[in-house]
$ cat data.txt   # compact mmCIF, C-alpha atoms
# COMPACT_ATOMS: atom_id res chain seq x y z
CA MET A 21 205.31 168.97 103.30
CA ALA A 22 203.64 169.49 99.90
CA ARG A 23 200.52 167.57 99.03
CA VAL A 24 200.71 165.69 95.74
CA THR A 25 197.66 164.46 93.84
CA VAL A 26 198.17 161.59 91.45
CA GLN A 27 195.51 160.73 88.91
CA VAL A 28 195.53 157.13 87.78
CA GLU A 29 193.75 156.09 84.62
CA ILE A 30 191.90 152.80 84.81
CA ASP A 31 190.80 150.57 82.00
CA ALA A 32 187.10 151.38 82.12
CA CYS A 33 184.27 149.08 81.11
CA ASP A 34 183.23 149.92 77.55
CA ALA A 35 179.59 149.00 78.29
CA CYS A 36 179.38 151.29 81.35
CA LEU A 37 180.96 154.14 79.42
CA LYS A 38 178.43 153.67 76.60
CA LYS A 39 175.47 153.27 79.00
CA ASP A 40 175.92 156.32 81.22
CA GLY A 41 179.51 157.52 80.99
CA SER A 42 180.57 155.95 84.28
CA LYS A 43 184.13 154.72 84.62
CA VAL A 44 183.77 151.29 86.21
CA LYS A 45 186.95 149.23 86.30
CA ALA A 46 187.10 146.60 83.57
CA GLU A 47 187.87 143.17 85.00
CA GLY A 48 187.45 141.10 81.85
CA THR A 49 187.28 141.16 78.08
CA ILE A 50 184.89 139.96 75.43
CA SER A 51 186.25 139.35 71.96
CA ILE A 52 184.61 138.35 68.71
CA GLY A 53 186.83 138.06 65.67
CA ASP A 54 189.12 141.08 65.69
CA LYS A 55 186.85 143.12 68.02
CA LEU A 56 187.67 143.45 71.72
CA TRP A 57 185.69 145.09 74.51
CA LEU A 58 186.78 145.72 78.10
CA VAL A 59 184.00 144.88 80.55
CA CYS A 60 183.28 144.96 84.27
CA GLU A 61 182.23 141.78 86.08
CA GLU A 62 178.53 142.65 85.79
CA HIS A 63 178.62 143.21 82.04
CA GLU A 64 180.85 140.19 81.47
CA ALA A 65 178.27 137.96 83.16
CA LYS A 66 175.41 139.61 81.24
CA PHE A 67 177.06 139.25 77.81
CA VAL A 68 178.27 135.70 78.47
CA ALA A 69 174.67 134.78 79.39
CA PHE A 70 173.44 136.28 76.09
CA PHE A 71 175.93 134.22 74.10
CA VAL A 72 175.25 131.00 76.02
CA ASP A 73 171.52 131.53 75.49
CA ALA A 74 172.00 132.12 71.75
CA LEU A 75 174.78 129.62 71.02
CA GLY A 76 174.80 127.16 73.89
CA GLU A 77 177.81 126.28 76.01
CA PRO A 78 181.09 126.28 74.08
CA GLU A 79 182.97 123.02 73.65
CA GLU A 80 185.96 122.61 75.92
CA SER A 81 189.24 122.96 74.05
CA GLU A 82 192.25 120.89 75.07
$ encode --input "data.txt" --output "C-alpha cells"
Amino acid sequence: MARVTVQVEIDACDACLKKDGSKVKAEGTISIGDKLWLVCEEHEAKFVAFFVDALGEPEESE
C-alpha cells in the first residue's frame, strides 16, 4: 500500500503571520470599511477589546 501525504491549506490568522510568520488557524474576521482581516480567537479578542476601549460597546442592530 502506498503512503499518500495530503497538504491542506488553512486560512491563517493575518496577525499571527505578521507577528512571527506562524500559521494559526483563523476562526474569525475583523472588517473596517472595505478592509478584511482573518484572525485567530486570541487576536479577535484582543482587537475587539481595543475597539470597545476606543469606541465603546456598539449599539445592537435589529
$ residues_around --input "data.txt" --residues "A:Glu62" --least-positions-apart "6" --cutoff "10 Å" --atoms "all atoms listed in the file" --output "PDB file with C-alpha atoms, keeping the file's coordinate frame"
ATOM      1  CA  CYS A  33     184.270 149.080  81.110  1.00  0.00           C
ATOM      2  CA  ALA A  35     179.590 149.000  78.290  1.00  0.00           C
ATOM      3  CA  CYS A  36     179.380 151.290  81.350  1.00  0.00           C
ATOM      4  CA  ALA A  46     187.100 146.600  83.570  1.00  0.00           C
ATOM      5  CA  GLU A  47     187.870 143.170  85.000  1.00  0.00           C
ATOM      6  CA  GLY A  48     187.450 141.100  81.850  1.00  0.00           C
TER       7      GLY A  48
END
$ axis_aligned_box --input "data.txt" --around "stretch 46-54 of chain A" --padding-each-side "6 Å" --output "AutoDock Vina command-line options"
--center_x 186.9 --center_y 142.3 --center_z 75.3 --size_x 16.5 --size_y 20.5 --size_z 31.3
$ residues_around --input "data.txt" --residues "A:Val44" --least-positions-apart "6" --cutoff "12 Å" --atoms "only C-alpha atoms" --output "PyMOL selection string"
chain A and resi 29-38+58-63
$ atom_distance --input "data.txt" --atom1 "atom CA of A:Glu80" --atom2 "atom CA of A:Glu64"
19.1 Å
$ atom_distance --input "data.txt" --atom1 "atom CA of A:Phe70" --atom2 "atom CA of A:Ile52"
13.5 Å
$ atom_distance --input "data.txt" --atom1 "atom CA of A:Thr25" --atom2 "atom CA of A:Lys39"
28.9 Å
$ decode --input "data.txt" --residues "stretch 34-49 of chain A" --atoms "N, CA and C atoms" --output "mmCIF file, in the first residue's frame"
data_model
loop_
_atom_site.group_PDB
_atom_site.id
_atom_site.type_symbol
_atom_site.label_atom_id
_atom_site.label_comp_id
_atom_site.auth_asym_id
_atom_site.auth_seq_id
_atom_site.Cartn_x
_atom_site.Cartn_y
_atom_site.Cartn_z
ATOM 1 N N ASP A 34 -4.080 36.566 9.996
ATOM 2 C CA ASP A 34 -3.225 37.605 9.427
ATOM 3 C C ASP A 34 -2.302 38.213 10.483
ATOM 4 N N ALA A 35 -2.789 38.371 11.713
ATOM 5 C CA ALA A 35 -1.980 38.965 12.777
ATOM 6 C C ALA A 35 -0.821 38.047 13.177
ATOM 7 N N CYS A 36 -1.070 36.746 13.273
ATOM 8 C CA CYS A 36 -0.001 35.795 13.609
ATOM 9 C C CYS A 36 1.044 35.734 12.501
ATOM 10 N N LEU A 37 0.585 35.752 11.263
ATOM 11 C CA LEU A 37 1.524 35.749 10.138
ATOM 12 C C LEU A 37 2.414 36.983 10.187
ATOM 13 N N LYS A 38 1.820 38.138 10.459
ATOM 14 C CA LYS A 38 2.572 39.394 10.518
ATOM 15 C C LYS A 38 3.529 39.405 11.714
ATOM 16 N N LYS A 39 3.065 38.875 12.850
ATOM 17 C CA LYS A 39 3.847 38.906 14.094
ATOM 18 C C LYS A 39 5.108 38.055 13.999
ATOM 19 N N ASP A 40 4.939 36.774 13.644
ATOM 20 C CA ASP A 40 6.102 35.881 13.651
ATOM 21 C C ASP A 40 6.095 34.827 12.549
ATOM 22 N N GLY A 41 5.158 34.966 11.620
ATOM 23 C CA GLY A 41 5.113 34.031 10.498
ATOM 24 C C GLY A 41 4.396 32.730 10.788
ATOM 25 N N SER A 42 3.846 32.584 11.995
ATOM 26 C CA SER A 42 3.175 31.331 12.325
ATOM 27 C C SER A 42 1.812 31.248 11.632
ATOM 28 N N LYS A 43 1.435 30.039 11.301
ATOM 29 C CA LYS A 43 0.172 29.803 10.606
ATOM 30 C C LYS A 43 -0.846 29.227 11.581
ATOM 31 N N VAL A 44 -1.476 30.125 12.341
ATOM 32 C CA VAL A 44 -2.511 29.757 13.296
ATOM 33 C C VAL A 44 -3.848 29.878 12.578
ATOM 34 N N LYS A 45 -4.701 28.894 12.775
ATOM 35 C CA LYS A 45 -5.985 28.876 12.077
ATOM 36 C C LYS A 45 -6.845 30.081 12.450
ATOM 37 N N ALA A 46 -7.322 30.778 11.432
ATOM 38 C CA ALA A 46 -8.221 31.915 11.638
ATOM 39 C C ALA A 46 -9.611 31.387 11.955
ATOM 40 N N GLU A 47 -10.182 31.885 13.036
ATOM 41 C CA GLU A 47 -11.522 31.479 13.456
ATOM 42 C C GLU A 47 -12.539 32.593 13.258
ATOM 43 N N GLY A 48 -12.057 33.814 13.036
ATOM 44 C CA GLY A 48 -12.958 34.947 12.910
ATOM 45 C C GLY A 48 -12.430 35.970 11.927
ATOM 46 N N THR A 49 -13.172 37.035 11.779
ATOM 47 C CA THR A 49 -12.763 38.122 10.886
ATOM 48 C C THR A 49 -12.978 39.455 11.592
#
